[in-house]
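Structure record follows, encoded as structure tokens.
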Protein chains: 2
Amino acid sequence: MKRKGEARERILEAGARIVHRQGFQAAGLADILEQAQVPKGSFYFYFKSKEEFGLALIDHYAGLFLSKFSEFSNEADLPYAKRLKRFLWWQSGDFIRAGYRGGCPFGNLALEMADVNEPFREKLKTVFAALKAGLVGLLESAQAAGEVRADLEAGEAADFILNAWEGTLLEMKVSRSPAPRRVFERMVFERLLAA
Amino acid sequence: MKRKGEARERILEAGARIVHRQGFQAAGLADILEQAQVPKGSFYFYFKSKEEFGLALIDHYAGLFLSKFSEFSNEADLPYAKRLKRFLWWQSGDFIRAGYRGGCPFGNLALEMADVNEPFREKLKTVFAALKAGLVGLLESAQAAGEVRADLEAGEAADFILNAWEGTLLEMKVSRSPAPRRVFERMVFERLLAA
């Protein structure tokens with residue numbers, strides 16, 4: 001079963017790249033299998049359906065993001081707010097280097113799939129909730145350390161920051177400019193959160 | 001030419017509804033023409049290509065949004081910040097009543113099309129700039145009236161508020177809940193802008 005696991009992983013990695021660029025519905029399985037170097041026709045050995053593959057893909061992206069979030073969250077020599085910023089700048093750095101193509105895989109899939117596929121919507125909701133929970137923890141630590149104003153409700157602030165971030169990535173995609181990120185930085189870190 | 005103009009308008013109105021629900025690439029011309037009650041096969045009499053139709057559709061949405069924005073902006077008996085809120089709640093009210101399907105036509109088209117179609121991206125950029133310009137004017141009036149803190153740069157605040165709003169609509173789509181709008185309200189109107 002080891003080889004099966006490896007090929008499945010390669011399909012998810014190739015799929016993550018292709019779906020990120022083309023969207024889920026437009027992404028072709030033949031293309032993904034070719035890039036994964038897995039024989040054509042063997043897709044259904046690894047996934048019951050394209051939908052099951054898509055849901056596994058969200059888990060794949062979520063695993064990557066949550067592990068990066070945890071990595072940045074634990075940078076003990078940095079102020080808490082700075083750890084959050086580093087995480088967001090990690091994501092947007094890749095996006096900028098890709099010429100503002102792609103963007104947030106969760107935001108993209110949400111807009112593409114939430115209306116038409118209920119299991120996608122449910123899974124994306126879970127992922128946003130997990131990211132938000134991580135962010136709440138970081139904001140509460142930042143408040144306890146006096147870095148962030150204490151009278152903000154951390155749950156609401158986390159929710160709002162994630163949403164503002166999704167919109168910021170969207171405007172960066174349309175404008176192909178880093179300016180929206182600078183505006184986000186000033187509004188969130190220098191205004192909203194400032195102690 | 002009057003009849004031509006009327007049929008073109010009906011195509012845009014039917015197209016606006018269908019593209020808003022299904023996305024641009026998935027929307028079928030036959031379906032749009034049928035709903036517009038325009039004979040099948042006559043599409044290319046009104047538009048050179050599906051792309052030209054899509055660009056006209058963005059103008060159609062933009063005309064609707066900018067005229068609504070202007071209407072709310074001029075409600076002279078309301079505080080300026082309240083006029084902005086009325087405009088945003090008008091948009092999200094329709095979205096909520098539609099069961100959180102659809103959302104912002106500009107945000108949806110941006111995520112669907114900005115990477116793959118340069119004229120779409122350019123036109124969407126222009127629309128976001130026009131909405132932002134309207135919002136800047138409202139915020140500056142609100143600042144002059146002492147309703148909004150004077151030390152905010154209105155251009156940056158307008159940009160950030162539009163982006164946070166796009167992200168808020170996105171989370172409402174995923175969660176099918178009005179909660180993100182309440183969070184937006186508290187963070188933007190009670191925190192960021194509060195004088």
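Ordered as shown in the structure tokens, chains take letters A, B, and onward, while each chain numbers its residues from 1 and ligands are numbered from 1 in the order shown.
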Pull the closest atom pair for each residue of chain B that gets at most 6 Å from chain A, along with the distance in Å to one decimal, counting only C-alpha atoms, ordering rows by chain and then ascending residue number, as a tab-separated table.
```
residue	atom	partner	partner_atom	distance
B:Arg101	CA	A:Asp115	CA	5.7
B:Asp115	CA	A:Arg101	CA	5.7
B:Arg121	CA	A:Val174	CA	5.7
B:Lys125	CA	A:Val174	CA	5.8
B:Glu156	CA	A:Val183	CA	5.9
B:Asn163	CA	A:Gly167	CA	4.2
B:Ala164	CA	A:Ala164	CA	3.7
B:Glu166	CA	A:Gly167	CA	5.1
B:Gly167	CA	A:Asn163	CA	4.2
B:Thr168	CA	A:Asn163	CA	5.3
B:Val174	CA	A:Arg121	CA	5.7
B:Val183	CA	A:Glu156	CA	5.9
```
Output N, CA, C and O atoms of each residue in that selection to a file, as a short mmCIF file (atom, residue, chain, number, x, y, z; two decimals), in the first residue's frame.
```cif
data_model
loop_
_atom_site.label_atom_id
_atom_site.label_comp_id
_atom_site.auth_asym_id
_atom_site.auth_seq_id
_atom_site.Cartn_x
_atom_site.Cartn_y
_atom_site.Cartn_z
N ARG B 101 -26.62 32.80 -2.28
CA ARG B 101 -26.11 32.39 -3.58
C ARG B 101 -25.88 33.62 -4.42
O ARG B 101 -26.63 34.58 -4.34
N ASP B 115 -7.33 35.95 -13.87
CA ASP B 115 -6.11 35.25 -14.28
C ASP B 115 -6.14 34.84 -15.75
O ASP B 115 -5.09 34.62 -16.34
N ARG B 121 -10.02 41.62 -16.54
CA ARG B 121 -9.28 42.12 -15.38
C ARG B 121 -9.21 43.65 -15.41
O ARG B 121 -9.47 44.33 -14.42
N LYS B 125 -10.92 46.19 -12.76
CA LYS B 125 -10.08 47.14 -12.04
C LYS B 125 -10.70 48.54 -12.10
O LYS B 125 -10.74 49.27 -11.10
N GLU B 156 -7.14 55.22 1.59
CA GLU B 156 -6.77 53.91 2.15
C GLU B 156 -7.95 53.26 2.84
O GLU B 156 -8.17 52.05 2.71
N ASN B 163 -12.37 46.01 0.28
CA ASN B 163 -11.79 44.67 0.32
C ASN B 163 -12.35 43.84 1.46
O ASN B 163 -12.69 42.66 1.28
N ALA B 164 -12.48 44.46 2.62
CA ALA B 164 -13.05 43.74 3.77
C ALA B 164 -14.49 43.31 3.45
O ALA B 164 -14.93 42.22 3.84
N GLU B 166 -15.73 42.62 0.39
CA GLU B 166 -15.67 41.46 -0.52
C GLU B 166 -15.43 40.17 0.26
O GLU B 166 -16.06 39.15 0.02
N GLY B 167 -14.49 40.22 1.20
CA GLY B 167 -14.19 39.04 2.01
C GLY B 167 -15.36 38.65 2.90
O GLY B 167 -15.61 37.47 3.15
N THR B 168 -16.09 39.65 3.37
CA THR B 168 -17.26 39.39 4.22
C THR B 168 -18.34 38.66 3.43
O THR B 168 -18.93 37.68 3.91
N VAL B 174 -19.90 31.05 2.29
CA VAL B 174 -19.44 29.76 2.82
C VAL B 174 -20.23 29.36 4.06
O VAL B 174 -20.58 28.20 4.24
N VAL B 183 -20.17 41.27 12.16
CA VAL B 183 -18.77 41.50 12.55
C VAL B 183 -18.18 42.67 11.75
O VAL B 183 -17.52 43.55 12.31
#
```
Subject >> Filtered DSSP result for chain B, state helix (DSSP H, G or I), as a PyMOL selection string >> reply: chain B and resi 2-22+29-36+43-46+50-73+80-97+105-113+118-144+154-175+179-192
Original post:
Near region 55-64 of chain A, within 8 Å and counting only C-alpha atoms, which residues show up once chain neighbours fewer than 4 positions away are dropped, as a list in words?
Top reply: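 Residues meeting the cut-off are Leu12, Gly15, Ala16, Glu51, Lys68, Pro105, Phe106, Pro119, Phe120, Lys123, Leu124 and Val127 of chain A.
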Could those selected residues go to a file with C-alpha atoms, as a PDB file, in the first residue's frame?
```pdb
ATOM      1  CA  LEU A  12      -2.765  15.732  -4.835  1.00  0.00           C
ATOM      2  CA  GLY A  15      -3.746  18.728  -8.533  1.00  0.00           C
ATOM      3  CA  ALA A  16      -3.038  21.472  -6.012  1.00  0.00           C
ATOM      4  CA  GLU A  51     -15.569  15.369  -6.062  1.00  0.00           C
ATOM      5  CA  LYS A  68       2.702  26.886   8.181  1.00  0.00           C
ATOM      6  CA  PRO A 105      -6.951  28.418  -2.721  1.00  0.00           C
ATOM      7  CA  PHE A 106      -9.750  28.499  -0.125  1.00  0.00           C
ATOM      8  CA  PRO A 119     -19.751  19.014   0.573  1.00  0.00           C
ATOM      9  CA  PHE A 120     -17.190  21.564  -0.745  1.00  0.00           C
ATOM     10  CA  LYS A 123     -15.410  21.461   4.143  1.00  0.00           C
ATOM     11  CA  LEU A 124     -14.339  25.015   3.311  1.00  0.00           C
ATOM     12  CA  VAL A 127     -11.121  25.060   7.115  1.00  0.00           C
TER      13      VAL A 127
END
```
**OP:** Find the residues around Asp31 (chain B) up to 9 Å (only C-alpha atoms counted), leave out those fewer than 5 positions away in its own chain, and share them as JSON, numbers by chain.
**Re:** {"B": [14, 15, 18, 36]}
Contact residues around Ser42 (chain B) with only C-alpha atoms at 12 Å, ignoring same-chain residues under 4 positions, as a compact mmCIF listing (two decimals) with N, CA, C and O atoms, in the first residue's frame:
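Produced file selection_20.txt, reproduced below:
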```
# COMPACT_ATOMS: atom_id res chain seq x y z
N LYS B 4 -33.43 46.64 -31.69
CA LYS B 4 -32.13 46.02 -31.44
C LYS B 4 -31.66 46.36 -30.03
O LYS B 4 -31.22 45.51 -29.28
N ALA B 7 -33.64 44.37 -27.36
CA ALA B 7 -33.26 42.95 -27.27
C ALA B 7 -31.89 42.83 -26.60
O ALA B 7 -31.67 41.94 -25.77
N ARG B 8 -30.99 43.72 -26.95
CA ARG B 8 -29.65 43.71 -26.34
C ARG B 8 -29.77 43.87 -24.82
O ARG B 8 -29.12 43.16 -24.05
N ILE B 11 -31.00 40.72 -23.26
CA ILE B 11 -29.93 39.72 -23.18
C ILE B 11 -29.03 40.02 -21.97
O ILE B 11 -28.65 39.13 -21.21
N LEU B 29 -24.97 30.42 -23.63
CA LEU B 29 -25.63 31.48 -24.41
C LEU B 29 -27.06 31.08 -24.77
O LEU B 29 -27.98 31.92 -24.76
N ALA B 30 -27.29 29.80 -25.09
CA ALA B 30 -28.62 29.36 -25.49
C ALA B 30 -29.61 29.63 -24.36
O ALA B 30 -30.72 30.13 -24.58
N ILE B 32 -29.29 31.85 -21.94
CA ILE B 32 -29.48 33.31 -21.78
C ILE B 32 -30.46 33.85 -22.83
O ILE B 32 -31.38 34.61 -22.51
N LEU B 33 -30.28 33.42 -24.08
CA LEU B 33 -31.16 33.92 -25.15
C LEU B 33 -32.59 33.45 -24.94
O LEU B 33 -33.55 34.20 -25.17
N GLU B 34 -32.73 32.23 -24.44
CA GLU B 34 -34.08 31.73 -24.19
C GLU B 34 -34.76 32.57 -23.11
O GLU B 34 -35.90 33.01 -23.28
N ALA B 36 -34.06 35.55 -22.33
CA ALA B 36 -34.23 36.93 -22.83
C ALA B 36 -35.32 36.99 -23.90
O ALA B 36 -35.66 38.08 -24.37
N GLN B 37 -35.83 35.84 -24.28
CA GLN B 37 -36.82 35.73 -25.37
C GLN B 37 -36.33 36.38 -26.66
O GLN B 37 -37.04 37.14 -27.31
N VAL B 38 -35.09 36.05 -26.96
CA VAL B 38 -34.47 36.51 -28.20
C VAL B 38 -34.17 35.25 -29.01
O VAL B 38 -33.72 34.25 -28.44
N TYR B 46 -25.91 40.95 -31.78
CA TYR B 46 -25.81 41.96 -30.70
C TYR B 46 -24.40 42.09 -30.11
O TYR B 46 -24.02 43.16 -29.67
N PHE B 47 -23.66 40.97 -30.10
CA PHE B 47 -22.31 40.98 -29.51
C PHE B 47 -21.36 40.23 -30.44
O PHE B 47 -21.72 39.18 -30.96
N LYS B 48 -20.15 40.77 -30.57
CA LYS B 48 -19.18 40.14 -31.47
C LYS B 48 -18.73 38.78 -30.97
O LYS B 48 -18.37 37.91 -31.75
N SER B 49 -18.70 38.63 -29.64
CA SER B 49 -18.17 37.39 -29.06
C SER B 49 -18.72 37.25 -27.64
O SER B 49 -19.29 38.21 -27.09
```
